[in-house]
Structures are given as structure tokens and as C-alpha cells.
Amino acid sequence: MNVIEKSFKIDVQPIAQTRLTELDYENIPFGRIFTDHMFIAEYKNGEWKNARIQPFGHIPMHPSSSVLHYGQGVFEGMKAFKDEQGNARLFRPLKNWERLNASAQRMAMPTIPEELFMDALTTLVRMDSNWIPDTEEGALYIRPFMFANDEFVGIKPADDFVFMIFCCPVSKYYQKPVRVTMSDEYVRAFRGGTGHVKAMGNYGAVMEPLRKARLDGYDQILWLDGYEFKRIQEIGTMNVFVVIDDKVLTPSLEEKAILPGITRDSCITLLRDNGYTVEERDITVDEIIAAASSGRLTDAFGTGTAATVAPIGEIGYKGQHYMLPSIDNRPVSIWLKDEMRNIRKGHRPDTYNWLYQV
Ligand SMILES: Cc1ncc(COP(=O)(O)O)c(C=O)c1O
């Protein structure tokens with residue numbers, strides 16, 4: 001267990017009256033309920049200042065704020081859990097800090113010192129820890145984000161930035177196996193682009209393809225490479241794994257077109273340490289279709305902070321539907337989901353030192 005030392009100066013303005021009494025723990029829609037407080041800090045003249053925690057609410061913005069026009073912004077998604085003793089725990093928070101800074105660097109934005117990130121995070125989660133649902137699937141979803149805030153019309157890397165964190169109590173993300181479709185009409189990411197970081201524009205650009213996929217009954221798109229539309233990349237919110245001939249396969253990060261998921265990394269570690277063969281390599285559409293058609297595609301799943309491990313029920317491609325085995329017949333994804341939950345909820349010893357005491 002890691003313990004975080006407090007060191008950054010943060011002004012705290014607590015709310016007068018909590019809104020927690022309005023929360024129905026049995027019915028928590030994902031991403032629509034916000035805790036009592038939020039963190040905010042400003043970057044001006046080359047330094048972070050005015051770090052504060054204040055009541056959650058709207059923020060005033062200038063209509064010319066650069067993020068509203070040019071999308072110079074990055075974000076993260078992470079979770080806090082309650083263990084069996086009711087203590088709040090963060091899962092691998094330094095990985096999110098590292099990735100936020102990698103995203104910031106790709107987008108010509110300032111990095112955030114570790115003490116500022118960790119102190120803001122732990123102070124906020126500690127203040128709002130009563131909002132973490134006590135249920136098996138419950139967690140606090142935490143959204144750190146940074147945006148360019150120059151009050152100026154014109155395209156140039158900005159000088160002023162805002163870093164914020166807010167939190168949402170959440171429950172299960174997907175209720176059923178996920179239906180994904182492979183599209184050769186749109187591209188999400190190329191070598192040299194921003195697919196390997198969490199830049200806001202990556203998500204805006206997929207809204208239209210996603211809208212169309214949903215009209216066809218799919219939950220998400222399984223993106224293909226933009227050169228030949230032959231290799232799978234990832235799902236819009238998750239990394240992807242397939243199990244073919246008892247090998248667990250996942251696309252390699254080498255091309256820098258895929259987000260290096262923290263859940264992906266954790267799952268690869270757990271799988272390898274439990275005797276599974278995991279290959280990080282190119283996986284072609286042809287390989288998936290051939291395996292699905294001959295019964296050798298025994299499992300497929302997405303991994304991500306929001307859904308943890310989400311079994312894929314169906315893969316669509318050019319009007320065909322490739323079905324995966326039923327949910328109680330998945331050798332890998334169900335085991336992995338339980339394993340991840342047991343570690344994060346503290347039901348298992350934290351042998352990897354992934355949890356941080358808040
Ligand atoms: C595009 C994309 N891929 C993969 C992931 C999974 O990453 P992680 O496991 O770090 O949540 C996410 C979620 O953050 C994502 O947005």
C-alpha cells in the first residue's frame with residue numbers, strides 16, 4: 001500500500017451543506033451525478049497558481065477561450081474505491097498523472113507537478129469520500145482535465161491554462177456484453193497523430209461515426225488502422241483483447257495510434273503472471289473473421305477504467321455479425337474482471353502495490 005505525502009498548498013472552501021442525501025445508491029446513472037467539491041488551478045506566466053477546492057459548480061469562461069475553438073485540451077479518467085474496511089483507495093494514480101503529462105506535452109501544454117496532481121486528487125477524494133458507493137461495482141469516477149484558456153482569437157499554442165478535477169459516483173458501465181462494429185469508412189488515429197494520448201479532439205472526431213454505429217444497434221466502434229483498414233486498433237473508450245487458440249492477443253502500442261491503457265497494462269500483468277500467453281502484436285480483421293468462423297475466437301473483451309473488463313458479445317463487419325460465446329462461457333474475461341475487482345476492492349492482497357491510501 002502506498003501512502004501519499006501532502007505538500008502542495010491548496011485553499012479549501014468546503015460546501016455549507018452536502019448534496020449526498022439526494023444520491024440513490026441503487027440507481028446511479030454513469031457520469032450524471034457530481035460530488036460536492038471540485039479542484040481548480042490556473043497556469044499563468046509560466047506557473048501553476050490559485051490551487052483551490054471549492055463547491056462544485058459552473059465555471060465562467062470567456063467566449064474566445066482557446067479550448068472552445070481549437071480544442072487544445074487533455075483529460076484523464078481514473079477511479080477510487082472503498083475497501084472492506086470502508087477506506088478510500090486510488091488505483092495506480094501515478095500512471096494517470098504520467099499519461100496526463102504525456103498528453104499535455106503532445107498538445108503543447110504545461111505539465112503538472114506530481115505533488116500538485118496527487119495533493120489535489122487526495123484532498124478532493126478525501127473530502128468527498130462519502131460519495132464512494134459501498135457496492136461491489138461502485139466507485140468514484142475521477143476526471144482530471146486541463147484546457148487552454150487564452151482569451152484570444154488566433155491559432156497559436158496558448159499561454160494560459162486551467163487544470164481541474166471533479167468526481168462522479170458510478171456503478172456498472174455496460175449492463176450487457178458490448179456490440180462493436182469494425183468500420184472502413186472512418187479513421188480514429190494514425191502514426192504521428194494523437195491516438196496515443198487523451199486529447200479532447202480524439203473524442204469529438206468520433207461522434208458522427210459513433211452516432212451511425214448506434215443507429216445500427218452497436219455500442220462502440222472497433223477502430224481499424226487508417227492505411228489499409230486491415231488491423232484492429234482499439235475501441236473508442238477501451239483497449240481490445242481477443243483470445244484465439246488459447247492465446248490472448250492485443251494490438252501493440254508500437255505505432256503510437258492506440259491509448260496505452262492502464263487497465264490494459266494491469267490485465268497483461270495479471271494474465272502473464274497467471275500462466276496465460278499474451279501477445280502484443282498486429283491483429284488483422286482477416287484473422288479475427290477466420291477464427292470467429294471456425295470457433296477458435298473463444299473470447300474478446302475491452303479494458304478501460306470505466307468498464308474495467310467488458311466482454312464483447314458481437315463483432316460486426318460489412319453487414320456480417322460474428323457472435324462470441326455466451327457470457328458464462330468465457331475463459332478469460334470473466335476471470336480477469338473478478339481478479340481486477342478483487343484487487344481494487346481490497347479482497348486480495350495488493351501484491352503489485354497498485355493501491356494508494358487516500
Ligand atoms: C480511447 C481509449 N482507449 C483506451 C482506454 C482505456 O484506458 P484506461 O485503461 O487507462 O482507462 C480509454 C479510457 O481512458 C480510452 O479513452
# chains A, B, ... in the order shown; residues from 1 in each chain; ligands from 1
$ residues_near_ligand --ligand "ligand 1" --cutoff "8 Å" --atoms "only C-alpha atoms and all ligand atoms" --output "ChimeraX atom specification"
/A:76-78,96,195,198,202-203,234-239,258-265,303-306,308
$ write_last_selection --atoms "C-alpha atoms" --output "PDB file, in the first residue's frame"
ATOM      1  CA  GLU A  76      -7.862  11.572 -17.701  1.00  0.00           C
ATOM      2  CA  GLY A  77     -10.262   9.054 -16.229  1.00  0.00           C
ATOM      3  CA  MET A  78      -9.499   7.184 -13.024  1.00  0.00           C
ATOM      4  CA  ASN A  96      -2.779   8.694 -14.845  1.00  0.00           C
ATOM      5  CA  GLY A 195      -4.280   8.493 -30.783  1.00  0.00           C
ATOM      6  CA  LYS A 198      -6.071  11.593 -24.275  1.00  0.00           C
ATOM      7  CA  ASN A 202      -9.857  12.436 -30.444  1.00  0.00           C
ATOM      8  CA  TYR A 203     -13.274  12.067 -28.894  1.00  0.00           C
ATOM      9  CA  GLU A 234      -8.938  -0.196 -30.081  1.00  0.00           C
ATOM     10  CA  ILE A 235     -12.499   0.568 -29.081  1.00  0.00           C
ATOM     11  CA  GLY A 236     -13.398   4.268 -28.600  1.00  0.00           C
ATOM     12  CA  THR A 237     -13.246   4.007 -24.802  1.00  0.00           C
ATOM     13  CA  MET A 238     -11.322   0.784 -24.260  1.00  0.00           C
ATOM     14  CA  ASN A 239      -8.342  -1.249 -25.418  1.00  0.00           C
ATOM     15  CA  ILE A 258      -3.547   3.497 -29.502  1.00  0.00           C
ATOM     16  CA  LEU A 259      -4.012   4.805 -25.983  1.00  0.00           C
ATOM     17  CA  PRO A 260      -1.690   2.970 -23.550  1.00  0.00           C
ATOM     18  CA  GLY A 261      -4.492   1.940 -21.209  1.00  0.00           C
ATOM     19  CA  ILE A 262      -3.721   1.486 -17.537  1.00  0.00           C
ATOM     20  CA  THR A 263      -6.300  -1.311 -17.329  1.00  0.00           C
ATOM     21  CA  ARG A 264      -4.664  -2.886 -20.416  1.00  0.00           C
ATOM     22  CA  ASP A 265      -1.300  -2.852 -18.674  1.00  0.00           C
ATOM     23  CA  THR A 303     -10.476  -2.960 -20.997  1.00  0.00           C
ATOM     24  CA  GLY A 304     -10.777   0.527 -19.532  1.00  0.00           C
ATOM     25  CA  THR A 305     -11.200   2.414 -16.288  1.00  0.00           C
ATOM     26  CA  ALA A 306     -14.932   2.985 -16.735  1.00  0.00           C
ATOM     27  CA  THR A 308     -12.838  -2.449 -16.261  1.00  0.00           C
TER      28      THR A 308
END
$ select_by_dssp --residues "range 224-306 of chain A" --states "strand (DSSP E or B)" --output "PyMOL selection string"
chain A and resi 224+231-235+238-244+247-250+277-280+284+297-304
$ closest_residue --among "A:Ile40, A:Ala158, A:Ala213, A:Val153" --to "Ile59 in chain A" --atoms "only C-alpha atoms"
A:Ile40
$ closest_atom_pairs --of "range 126-172 of chain A" --to "range 69-73 of chain A" --cutoff "6 Å" --atoms "only C-alpha atoms" --output "Markdown table"
| residue | atom | partner | partner_atom | distance |
| --- | --- | --- | --- | --- |
| A:Met146 | CA | A:Gly73 | CA | 5.6 |
| A:Phe147 | CA | A:Gly73 | CA | 4.2 |
| A:Ala148 | CA | A:Gln72 | CA | 5.6 |
$ residues_around --residues "Ile315 in chain A" --least-positions-apart "6" --cutoff "9 Å" --atoms "only C-alpha atoms" --output "ChimeraX atom specification"
/A:178-182,218,222,321-324
$ write_last_selection --atoms "C-alpha atoms" --output "PDB file, in the first residue's frame"
ATOM      1  CA  VAL A 178     -20.714  -4.994 -25.802  1.00  0.00           C
ATOM      2  CA  ARG A 179     -21.592  -4.993 -29.501  1.00  0.00           C
ATOM      3  CA  VAL A 180     -18.833  -3.489 -31.638  1.00  0.00           C
ATOM      4  CA  THR A 181     -18.537  -2.828 -35.349  1.00  0.00           C
ATOM      5  CA  MET A 182     -15.416  -2.546 -37.488  1.00  0.00           C
ATOM      6  CA  TYR A 218     -23.831  -1.212 -31.932  1.00  0.00           C
ATOM      7  CA  LEU A 222     -13.635  -1.271 -33.065  1.00  0.00           C
ATOM      8  CA  HIS A 321     -22.387 -10.451 -37.403  1.00  0.00           C
ATOM      9  CA  TYR A 322     -19.659 -12.504 -35.740  1.00  0.00           C
ATOM     10  CA  MET A 323     -21.004 -13.793 -32.427  1.00  0.00           C
ATOM     11  CA  LEU A 324     -18.904 -14.603 -29.358  1.00  0.00           C
TER      12      LEU A 324
END
$ atom_distance --atom1 "CA of Val206 in chain A" --atom2 "CA of Pro93 in chain A"
27.0 Å
$ select_by_dssp --residues "range 109-144 of chain A" --states "helix (DSSP H, G or I)" --output "list of chain:residue names"
A:Glu114, A:Glu115, A:Leu116, A:Phe117, A:Met118, A:Asp119, A:Ala120, A:Leu121, A:Thr122, A:Thr123, A:Leu124, A:Val125, A:Arg126, A:Met127, A:Ser129, A:Asn130, A:Trp131
$ write_last_selection --atoms "N, CA, C and O atoms" --output "PDB file, in the first residue's frame"
ATOM      1  N   GLU A 114       4.027  16.383  -9.876  1.00  0.00           N
ATOM      2  CA  GLU A 114       3.435  15.232  -9.184  1.00  0.00           C
ATOM      3  C   GLU A 114       2.741  15.651  -7.886  1.00  0.00           C
ATOM      4  O   GLU A 114       1.642  15.196  -7.582  1.00  0.00           O
ATOM      5  N   GLU A 115       3.385  16.572  -7.122  1.00  0.00           N
ATOM      6  CA  GLU A 115       2.795  16.960  -5.828  1.00  0.00           C
ATOM      7  C   GLU A 115       1.461  17.663  -6.031  1.00  0.00           C
ATOM      8  O   GLU A 115       0.522  17.472  -5.253  1.00  0.00           O
ATOM      9  N   LEU A 116       1.372  18.502  -7.075  1.00  0.00           N
ATOM     10  CA  LEU A 116       0.115  19.214  -7.317  1.00  0.00           C
ATOM     11  C   LEU A 116      -0.980  18.215  -7.683  1.00  0.00           C
ATOM     12  O   LEU A 116      -2.087  18.247  -7.135  1.00  0.00           O
ATOM     13  N   PHE A 117      -0.654  17.297  -8.595  1.00  0.00           N
ATOM     14  CA  PHE A 117      -1.650  16.324  -9.042  1.00  0.00           C
ATOM     15  C   PHE A 117      -2.116  15.456  -7.874  1.00  0.00           C
ATOM     16  O   PHE A 117      -3.313  15.306  -7.624  1.00  0.00           O
ATOM     17  N   MET A 118      -1.153  14.887  -7.149  1.00  0.00           N
ATOM     18  CA  MET A 118      -1.509  13.936  -6.097  1.00  0.00           C
ATOM     19  C   MET A 118      -2.172  14.624  -4.911  1.00  0.00           C
ATOM     20  O   MET A 118      -3.078  14.077  -4.288  1.00  0.00           O
ATOM     21  N   ASP A 119      -1.722  15.826  -4.609  1.00  0.00           N
ATOM     22  CA  ASP A 119      -2.300  16.527  -3.466  1.00  0.00           C
ATOM     23  C   ASP A 119      -3.729  16.961  -3.773  1.00  0.00           C
ATOM     24  O   ASP A 119      -4.637  16.832  -2.940  1.00  0.00           O
ATOM     25  N   ALA A 120      -3.939  17.473  -5.001  1.00  0.00           N
ATOM     26  CA  ALA A 120      -5.288  17.882  -5.407  1.00  0.00           C
ATOM     27  C   ALA A 120      -6.224  16.670  -5.362  1.00  0.00           C
ATOM     28  O   ALA A 120      -7.327  16.724  -4.814  1.00  0.00           O
ATOM     29  N   LEU A 121      -5.740  15.572  -5.928  1.00  0.00           N
ATOM     30  CA  LEU A 121      -6.539  14.346  -6.018  1.00  0.00           C
ATOM     31  C   LEU A 121      -6.912  13.802  -4.641  1.00  0.00           C
ATOM     32  O   LEU A 121      -8.080  13.526  -4.354  1.00  0.00           O
ATOM     33  N   THR A 122      -5.916  13.677  -3.785  1.00  0.00           N
ATOM     34  CA  THR A 122      -6.189  13.046  -2.489  1.00  0.00           C
ATOM     35  C   THR A 122      -7.019  13.962  -1.599  1.00  0.00           C
ATOM     36  O   THR A 122      -7.901  13.495  -0.885  1.00  0.00           O
ATOM     37  N   THR A 123      -6.764  15.273  -1.667  1.00  0.00           N
ATOM     38  CA  THR A 123      -7.555  16.180  -0.825  1.00  0.00           C
ATOM     39  C   THR A 123      -9.018  16.139  -1.266  1.00  0.00           C
ATOM     40  O   THR A 123      -9.934  16.046  -0.441  1.00  0.00           O
ATOM     41  N   LEU A 124      -9.233  16.174  -2.585  1.00  0.00           N
ATOM     42  CA  LEU A 124     -10.606  16.163  -3.106  1.00  0.00           C
ATOM     43  C   LEU A 124     -11.312  14.842  -2.774  1.00  0.00           C
ATOM     44  O   LEU A 124     -12.450  14.835  -2.291  1.00  0.00           O
ATOM     45  N   VAL A 125     -10.626  13.729  -3.023  1.00  0.00           N
ATOM     46  CA  VAL A 125     -11.262  12.418  -2.781  1.00  0.00           C
ATOM     47  C   VAL A 125     -11.530  12.227  -1.287  1.00  0.00           C
ATOM     48  O   VAL A 125     -12.570  11.694  -0.888  1.00  0.00           O
ATOM     49  N   ARG A 126     -10.607  12.711  -0.462  1.00  0.00           N
ATOM     50  CA  ARG A 126     -10.819  12.603   0.984  1.00  0.00           C
ATOM     51  C   ARG A 126     -12.070  13.401   1.387  1.00  0.00           C
ATOM     52  O   ARG A 126     -12.908  12.930   2.141  1.00  0.00           O
ATOM     53  N   MET A 127     -12.191  14.625   0.850  1.00  0.00           N
ATOM     54  CA  MET A 127     -13.339  15.469   1.218  1.00  0.00           C
ATOM     55  C   MET A 127     -14.661  14.864   0.760  1.00  0.00           C
ATOM     56  O   MET A 127     -15.680  15.006   1.429  1.00  0.00           O
ATOM     57  N   SER A 129     -15.190  11.554   0.061  1.00  0.00           N
ATOM     58  CA  SER A 129     -15.117  10.081   0.109  1.00  0.00           C
ATOM     59  C   SER A 129     -16.452   9.439   0.501  1.00  0.00           C
ATOM     60  O   SER A 129     -16.696   8.278   0.185  1.00  0.00           O
ATOM     61  N   ASN A 130     -17.333  10.201   1.163  1.00  0.00           N
ATOM     62  CA  ASN A 130     -18.650   9.632   1.494  1.00  0.00           C
ATOM     63  C   ASN A 130     -19.482   9.342   0.253  1.00  0.00           C
ATOM     64  O   ASN A 130     -20.483   8.642   0.319  1.00  0.00           O
ATOM     65  N   TRP A 131     -19.064   9.925  -0.878  1.00  0.00           N
ATOM     66  CA  TRP A 131     -19.800   9.709  -2.127  1.00  0.00           C
ATOM     67  C   TRP A 131     -19.405   8.396  -2.809  1.00  0.00           C
ATOM     68  O   TRP A 131     -20.011   8.008  -3.808  1.00  0.00           O
TER      69      TRP A 131
END
$ residues_around --residues "Asp159 in chain A" --least-positions-apart "3" --cutoff "8 Å" --atoms "only C-alpha atoms" --output "MDAnalysis selection string"
chainID A and resid 44:46 148:150
$ write_last_selection --atoms "N, CA, C and O atoms" --output "mmCIF file, in the first residue's frame"
data_model
loop_
_atom_site.group_PDB
_atom_site.id
_atom_site.type_symbol
_atom_site.label_atom_id
_atom_site.label_comp_id
_atom_site.auth_asym_id
_atom_site.auth_seq_id
_atom_site.Cartn_x
_atom_site.Cartn_y
_atom_site.Cartn_z
ATOM 1 N N LYS A 44 -0.495 30.629 -15.234
ATOM 2 C CA LYS A 44 -0.282 31.951 -15.841
ATOM 3 C C LYS A 44 1.171 32.324 -15.638
ATOM 4 O O LYS A 44 1.747 31.999 -14.603
ATOM 5 N N ASN A 45 1.735 33.032 -16.591
ATOM 6 C CA ASN A 45 3.134 33.473 -16.505
ATOM 7 C C ASN A 45 4.075 32.328 -16.127
ATOM 8 O O ASN A 45 4.984 32.487 -15.308
ATOM 9 N N GLY A 46 3.801 31.154 -16.676
ATOM 10 C CA GLY A 46 4.729 30.036 -16.505
ATOM 11 C C GLY A 46 4.647 29.307 -15.187
ATOM 12 O O GLY A 46 5.517 28.494 -14.880
ATOM 13 N N ALA A 148 -6.593 24.868 -22.544
ATOM 14 C CA ALA A 148 -6.005 26.165 -22.886
ATOM 15 C C ALA A 148 -7.064 27.236 -22.686
ATOM 16 O O ALA A 148 -8.221 27.048 -23.061
ATOM 17 N N ASN A 149 -6.663 28.357 -22.099
ATOM 18 C CA ASN A 149 -7.668 29.359 -21.733
ATOM 19 C C ASN A 149 -7.238 30.774 -22.115
ATOM 20 O O ASN A 149 -7.586 31.732 -21.427
ATOM 21 N N ASP A 150 -6.478 30.920 -23.208
ATOM 22 C CA ASP A 150 -6.139 32.271 -23.662
ATOM 23 C C ASP A 150 -7.407 32.966 -24.142
ATOM 24 O O ASP A 150 -8.238 32.342 -24.805
#
$ closest_residue --among "A:Tyr141, A:Tyr317, A:Tyr43, A:Tyr186" --to "Ile165 in chain A" --atoms "only C-alpha atoms"
A:Tyr141
$ closest_residue --among "A:Ala88, A:Ala205, A:Val243, A:Ile10" --to "Val332 in chain A" --atoms "only C-alpha atoms"
A:Val243
$ closest_residue --among "A:Ala104, A:Leu249, A:Leu355, A:Cys167" --to "Leu90 in chain A" --atoms "only C-alpha atoms"
A:Leu355
$ residues_around --residues "Gly86 in chain A" --least-positions-apart "4" --cutoff "9 Å" --atoms "only C-alpha atoms" --output "JSON, numbers by chain"
{"A": [81, 82, 134]}
$ residues_around --residues "Tyr173 in chain A" --least-positions-apart "6" --cutoff "10 Å" --atoms "only C-alpha atoms" --output "PDB file with all heavy atoms, in the first residue's frame"
ATOM      1  N   PRO A  29     -26.838   6.714 -12.483  1.00  0.00           N
ATOM      2  CA  PRO A  29     -26.515   6.793 -13.911  1.00  0.00           C
ATOM      3  C   PRO A  29     -25.069   7.243 -14.090  1.00  0.00           C
ATOM      4  O   PRO A  29     -24.598   8.116 -13.358  1.00  0.00           O
ATOM      5  CB  PRO A  29     -27.492   7.856 -14.436  1.00  0.00           C
ATOM      6  CG  PRO A  29     -27.872   8.662 -13.243  1.00  0.00           C
ATOM      7  CD  PRO A  29     -27.696   7.809 -12.026  1.00  0.00           C
ATOM      8  N   PHE A  30     -24.342   6.642 -15.045  1.00  0.00           N
ATOM      9  CA  PHE A  30     -22.912   6.942 -15.199  1.00  0.00           C
ATOM     10  C   PHE A  30     -22.708   8.392 -15.652  1.00  0.00           C
ATOM     11  O   PHE A  30     -23.289   8.839 -16.642  1.00  0.00           O
ATOM     12  CB  PHE A  30     -22.265   5.991 -16.219  1.00  0.00           C
ATOM     13  CG  PHE A  30     -20.762   6.009 -16.140  1.00  0.00           C
ATOM     14  CD1 PHE A  30     -20.075   5.037 -15.435  1.00  0.00           C
ATOM     15  CD2 PHE A  30     -20.032   7.031 -16.737  1.00  0.00           C
ATOM     16  CE1 PHE A  30     -18.687   5.068 -15.334  1.00  0.00           C
ATOM     17  CE2 PHE A  30     -18.647   7.075 -16.648  1.00  0.00           C
ATOM     18  CZ  PHE A  30     -17.976   6.087 -15.942  1.00  0.00           C
ATOM     19  N   GLY A  31     -21.880   9.112 -14.897  1.00  0.00           N
ATOM     20  CA  GLY A  31     -21.422  10.428 -15.347  1.00  0.00           C
ATOM     21  C   GLY A  31     -22.433  11.553 -15.267  1.00  0.00           C
ATOM     22  O   GLY A  31     -22.230  12.605 -15.885  1.00  0.00           O
ATOM     23  N   GLU A 137     -19.795  -3.072  -7.386  1.00  0.00           N
ATOM     24  CA  GLU A 137     -19.485  -2.445  -8.677  1.00  0.00           C
ATOM     25  C   GLU A 137     -19.267  -0.944  -8.536  1.00  0.00           C
ATOM     26  O   GLU A 137     -18.920  -0.267  -9.495  1.00  0.00           O
ATOM     27  CB  GLU A 137     -20.639  -2.677  -9.670  1.00  0.00           C
ATOM     28  CG  GLU A 137     -20.928  -4.126  -9.986  1.00  0.00           C
ATOM     29  CD  GLU A 137     -19.960  -4.709 -11.007  1.00  0.00           C
ATOM     30  OE1 GLU A 137     -19.181  -3.940 -11.602  1.00  0.00           O
ATOM     31  OE2 GLU A 137     -19.984  -5.934 -11.190  1.00  0.00           O
ATOM     32  N   GLY A 138     -19.499  -0.409  -7.348  1.00  0.00           N
ATOM     33  CA  GLY A 138     -19.480   1.042  -7.172  1.00  0.00           C
ATOM     34  C   GLY A 138     -18.074   1.618  -7.064  1.00  0.00           C
ATOM     35  O   GLY A 138     -17.146   0.962  -6.602  1.00  0.00           O
ATOM     36  N   THR A 305     -10.871   2.026 -17.656  1.00  0.00           N
ATOM     37  CA  THR A 305     -11.200   2.414 -16.288  1.00  0.00           C
ATOM     38  C   THR A 305     -12.706   2.370 -16.033  1.00  0.00           C
ATOM     39  O   THR A 305     -13.150   1.868 -15.003  1.00  0.00           O
ATOM     40  CB  THR A 305     -10.665   3.837 -16.024  1.00  0.00           C
ATOM     41  OG1 THR A 305      -9.249   3.769 -16.095  1.00  0.00           O
ATOM     42  CG2 THR A 305     -11.089   4.356 -14.672  1.00  0.00           C
ATOM     43  N   ALA A 306     -13.489   2.888 -16.973  1.00  0.00           N
ATOM     44  CA  ALA A 306     -14.932   2.985 -16.735  1.00  0.00           C
ATOM     45  C   ALA A 306     -15.570   1.604 -16.626  1.00  0.00           C
ATOM     46  O   ALA A 306     -16.314   1.328 -15.693  1.00  0.00           O
ATOM     47  CB  ALA A 306     -15.590   3.799 -17.843  1.00  0.00           C
ATOM     48  N   ALA A 307     -15.265   0.720 -17.583  1.00  0.00           N
ATOM     49  CA  ALA A 307     -15.942  -0.584 -17.625  1.00  0.00           C
ATOM     50  C   ALA A 307     -15.097  -1.703 -17.019  1.00  0.00           C
ATOM     51  O   ALA A 307     -15.593  -2.810 -16.839  1.00  0.00           O
ATOM     52  CB  ALA A 307     -16.283  -0.930 -19.062  1.00  0.00           C
ATOM     53  N   THR A 308     -13.838  -1.463 -16.711  1.00  0.00           N
ATOM     54  CA  THR A 308     -12.838  -2.449 -16.261  1.00  0.00           C
ATOM     55  C   THR A 308     -12.614  -3.496 -17.355  1.00  0.00           C
ATOM     56  O   THR A 308     -11.798  -3.297 -18.221  1.00  0.00           O
ATOM     57  CB  THR A 308     -13.207  -3.137 -14.935  1.00  0.00           C
ATOM     58  OG1 THR A 308     -13.704  -2.161 -14.046  1.00  0.00           O
ATOM     59  CG2 THR A 308     -11.992  -3.794 -14.320  1.00  0.00           C
ATOM     60  N   ALA A 310     -14.854  -5.521 -20.172  1.00  0.00           N
ATOM     61  CA  ALA A 310     -16.202  -5.620 -20.753  1.00  0.00           C
ATOM     62  C   ALA A 310     -16.203  -6.679 -21.854  1.00  0.00           C
ATOM     63  O   ALA A 310     -15.621  -6.470 -22.925  1.00  0.00           O
ATOM     64  CB  ALA A 310     -16.624  -4.272 -21.321  1.00  0.00           C
TER      65      ALA A 310
END
$ closest_residue --among "A:Asp216, A:Glu84, A:Pro209, A:Tyr25" --to "Gly319 in chain A" --atoms "only C-alpha atoms"
A:Asp216
$ closest_residue --among "A:Lys247, A:His62, A:Arg211, A:Arg341" --to "Phe91 in chain A" --atoms "only C-alpha atoms"
A:Arg341
$ atom_distance --atom1 "CA of Phe163 in chain A" --atom2 "CA of Pro144 in chain A"
7.4 Å
$ residues_around --residues "Thr194 in chain A" --least-positions-apart "2" --cutoff "9 Å" --atoms "only C-alpha atoms" --output "list of chain:residue names"
A:Ser103, A:Arg106, A:Met107, A:Ala189, A:Phe190, A:Arg191, A:Gly192, A:His196, A:Val197, A:Lys198, A:Ala199, A:Gly201, A:Asn202, A:Lys256, A:Ala257, A:Ile258, A:Leu259
